[in-house]
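Reproduced below: input04.txt, with compact mmCIF, C-alpha atoms.
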# COMPACT_ATOMS: atom_id res chain seq x y z
CA MET A 17 -120.39 -1.44 -61.10
CA LYS A 18 -120.62 2.32 -60.61
CA ILE A 19 -120.42 1.83 -56.84
CA PHE A 20 -117.27 -0.30 -57.29
CA LYS A 21 -115.60 2.42 -59.42
CA PHE A 22 -116.68 5.08 -56.91
CA LEU A 23 -115.26 3.11 -53.96
CA ALA A 24 -112.02 2.46 -55.85
CA ILE A 25 -111.61 6.18 -56.60
CA VAL A 26 -112.38 7.10 -52.97
CA MET A 27 -109.79 4.58 -51.73
CA ILE A 28 -107.12 5.84 -54.14
CA VAL A 29 -107.77 9.47 -53.19
CA GLY A 30 -107.80 8.56 -49.49
CA LEU A 31 -104.51 6.69 -49.73
CA SER A 32 -102.84 9.48 -51.68
CA LEU A 33 -103.94 12.05 -49.10
CA SER A 34 -102.73 9.96 -46.17
CA VAL A 35 -99.19 9.69 -47.56
CA GLN A 36 -97.32 12.81 -46.48
CA ALA A 37 -94.06 14.01 -47.86
CA GLN A 38 -91.22 13.48 -45.41
CA LYS A 39 -89.27 16.52 -44.37
CA LYS A 40 -85.59 16.47 -45.16
CA VAL A 41 -83.63 16.41 -41.95
CA LYS A 42 -80.45 18.46 -42.13
CA PRO A 43 -77.54 16.87 -40.35
CA GLU A 44 -76.44 18.90 -37.37
CA LYS A 45 -73.21 20.77 -37.87
CA PRO A 46 -70.62 19.88 -35.28
CA GLU A 47 -69.93 22.75 -32.92
CA LYS A 48 -66.85 24.69 -33.92
CA GLN A 49 -63.94 23.69 -31.70
CA PHE A 50 -62.35 27.15 -31.63
CA THR A 51 -63.29 30.78 -32.19
CA ILE A 52 -61.06 33.74 -33.06
CA TYR A 53 -62.56 36.86 -31.46
CA GLU A 54 -59.88 39.42 -32.29
CA ARG A 55 -56.74 39.55 -34.40
CA GLY A 56 -54.19 42.25 -35.01
CA PRO A 57 -54.04 44.03 -38.38
CA TYR A 58 -50.50 42.77 -39.09
CA MET A 59 -51.40 39.12 -38.42
CA THR A 60 -51.45 37.71 -41.94
CA LYS A 61 -51.98 34.06 -41.06
CA ILE A 62 -53.57 32.37 -38.05
CA ASP A 63 -53.80 28.59 -38.07
CA VAL A 64 -55.49 26.86 -35.11
CA ARG A 65 -55.51 23.07 -35.21
CA LYS A 66 -55.72 20.09 -32.91
CA GLU A 67 -52.85 17.61 -33.06
CA LEU A 68 -54.14 14.05 -32.83
CA ARG A 69 -50.85 12.58 -31.65
CA GLY A 70 -50.77 14.57 -28.41
CA THR A 71 -52.50 13.23 -25.31
CA GLU A 72 -51.77 16.05 -22.85
CA ASN A 73 -53.71 19.30 -22.48
CA ILE A 74 -51.23 21.68 -24.09
CA VAL A 75 -51.54 24.79 -26.27
CA GLN A 76 -48.46 25.56 -28.36
CA ILE A 77 -48.13 29.07 -29.80
CA ASP A 78 -45.78 29.58 -32.76
CA ALA A 79 -45.25 33.24 -33.70
CA LEU A 80 -43.15 34.13 -36.74
CA ASN A 81 -42.43 37.45 -38.41
CA VAL A 82 -42.20 36.93 -42.16
CA SER A 83 -39.46 39.54 -42.49
CA GLY A 84 -37.88 38.99 -39.07
CA GLY A 85 -34.14 38.43 -38.91
CA SER A 86 -33.51 40.01 -42.32
CA ALA A 87 -31.44 43.15 -42.78
CA LEU A 88 -32.77 46.40 -44.18
CA ILE A 89 -30.88 48.48 -46.72
CA ARG A 90 -29.58 50.75 -43.95
CA GLY A 91 -28.18 47.79 -42.04
CA GLU A 92 -30.87 47.40 -39.38
CA ILE A 93 -32.13 43.91 -38.66
CA LEU A 94 -35.89 43.55 -38.39
CA PRO A 95 -37.02 41.98 -35.09
CA GLY A 96 -38.63 38.57 -34.91
CA ALA A 97 -42.11 38.04 -33.50
CA GLU A 98 -42.18 38.20 -29.72
CA ILE A 99 -44.88 36.74 -27.45
CA SER A 100 -44.92 39.21 -24.58
CA GLN A 101 -48.13 38.28 -22.73
CA VAL A 102 -50.59 35.38 -22.58
CA LEU A 103 -53.66 35.86 -20.38
CA ALA A 104 -56.32 33.17 -19.85
CA THR A 105 -59.67 34.98 -19.53
CA VAL A 106 -61.61 31.68 -19.44
CA GLY A 107 -60.07 28.45 -18.18
CA ASN A 108 -56.51 28.31 -16.96
CA TYR A 109 -53.01 26.93 -17.53
CA ASN A 110 -50.33 25.99 -15.04
CA LEU A 111 -46.95 26.64 -16.67
CA THR A 112 -45.37 28.34 -19.69
CA ARG A 113 -42.45 26.61 -21.41
CA GLN A 114 -40.32 28.18 -24.16
CA ILE A 115 -39.71 25.73 -27.00
CA SER A 116 -37.58 27.79 -29.39
CA LYS A 117 -36.49 31.32 -30.22
CA SER A 118 -34.95 32.52 -33.47
CA GLY A 119 -34.46 35.70 -35.48
CA ARG A 120 -37.93 35.22 -36.99
CA GLY A 121 -39.91 34.48 -33.83
CA GLU A 122 -40.54 32.10 -30.98
CA SER A 123 -42.58 29.10 -29.84
CA ILE A 124 -44.00 28.54 -26.38
CA GLN A 125 -46.21 25.89 -24.80
CA LEU A 126 -48.89 26.38 -22.17
CA MET A 127 -48.92 23.29 -19.95
CA ASP A 128 -51.77 21.65 -18.00
CA VAL A 129 -54.47 23.71 -19.73
CA ILE A 130 -58.00 23.57 -18.33
CA PHE A 131 -60.50 23.66 -21.21
CA PRO A 132 -62.49 25.47 -22.45
CA VAL A 133 -59.82 28.17 -22.51
CA ARG A 134 -59.89 31.67 -23.94
CA LEU A 135 -56.46 33.19 -24.46
CA ARG A 136 -55.69 36.86 -25.03
CA MET A 137 -52.14 37.13 -26.35
CA THR A 138 -49.90 40.05 -27.16
CA ILE A 139 -47.58 39.14 -30.03
CA SER A 140 -45.30 41.94 -31.27
CA ASN A 141 -47.76 44.59 -29.99
CA GLN A 142 -50.68 42.87 -31.80
CA ILE A 143 -53.62 41.31 -29.94
CA LEU A 144 -54.92 37.80 -30.65
CA ASP A 145 -57.99 36.57 -28.75
CA VAL A 146 -58.81 32.85 -29.26
CA GLU A 147 -61.13 30.45 -27.48
CA ILE A 148 -60.57 26.67 -27.68
CA LYS A 149 -63.44 24.52 -26.47
CA GLU A 150 -62.14 20.95 -26.64
CA ALA A 151 -59.34 19.44 -24.57
CA GLY A 152 -56.19 18.11 -26.24
CA PHE A 153 -52.90 19.21 -27.78
CA TRP A 154 -53.49 22.40 -29.83
CA LYS A 155 -51.17 24.43 -32.04
CA ILE A 156 -51.73 28.10 -32.83
CA ALA A 157 -49.46 29.34 -35.63
CA VAL A 158 -49.37 33.13 -36.13
CA GLY A 159 -47.67 34.77 -39.08
CA LEU A 160 -46.95 38.52 -38.89
CA THR A 161 -45.65 41.20 -41.21
CA GLN A 162 -44.15 44.41 -39.88

Please express the file's structure as structure tokens.
Amino acid sequence: MKIFKFLAIVMIVGLSLSVQAQKKVKPEKPEKQFTIYERGPYMTKIDVRKELRGTENIVQIDALNVSGGSALIRGEILPGAEISQVLATVGNYNLTRQISKSGRGESIQLMDVIFPVRLRMTISNQILDVEIKEAGFWKIAVGLTQ
């Protein structure tokens, strides 16, 4: 009887030692689709998003000055945001198309973009450096205060 109890205890201890706790596996985070490397001090809002409805490889840049187009007390009208230069340091694009221009700013599209693309833009003397890794139709909305 003592041997039976001893064997039962040995089996229980052996089984409990052989069961190991499973490690929790953390789900992998999806790689970020874009990175902002540099932004100007007067850029109050930068929104980078992929539009699901678009099928072409296009990057649209919308630049607006919050106070653009409004008159000052002395009668001067504040300028709207102006996109003066777009340079692709990684990747490439084929054509630039102006979509709209108003007293507050302008919108342009970069056509036939080769991704991944890193764009260094000058918007109203402010630098914005953005890299987009995934192909598609992207919108970059930049809000400025001057």

Set the distance at 6 Å and use all atoms listed in the file: which residues neighbour Gln125 of chain A once local chain neighbours fewer than 2 positions away are removed? I'd like the list as a list in words. Val75, Gln76, Thr112 and Arg113 of chain A

Counting all atoms listed in the file, what is within 12 Å of Met127 of chain A, bar same-chain residues fewer than 3 positions away, as a PyMOL selection string? chain A and resi 71-77+108-115+124+130-131+152-154

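Interatomic distance, atom CA of Thr60 of chain A to atom CA of Leu160 of chain A: 5.5 Å.
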
Could you pull the residues within 10 Å of Asn141 of chain A, counting only C-alpha atoms, minus those fewer than 2 positions along the same chain, as a list of chain:residue names?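 Residues near the query, excluding close chain neighbours: A:Gly56, A:Tyr58, A:Ala97, A:Glu98, A:Ile99, A:Ser100, A:Gln101, A:Met137, A:Thr138, A:Ile139, A:Ile143, A:Leu144.
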
Would you mind listing what lies within 10 Å of Ile62 of chain A as a ChimeraX atom specification, with all atoms listed in the file counted and same-chain residues fewer than 3 positions away left out? /A:52,55,59,65,78-79,144,156-160
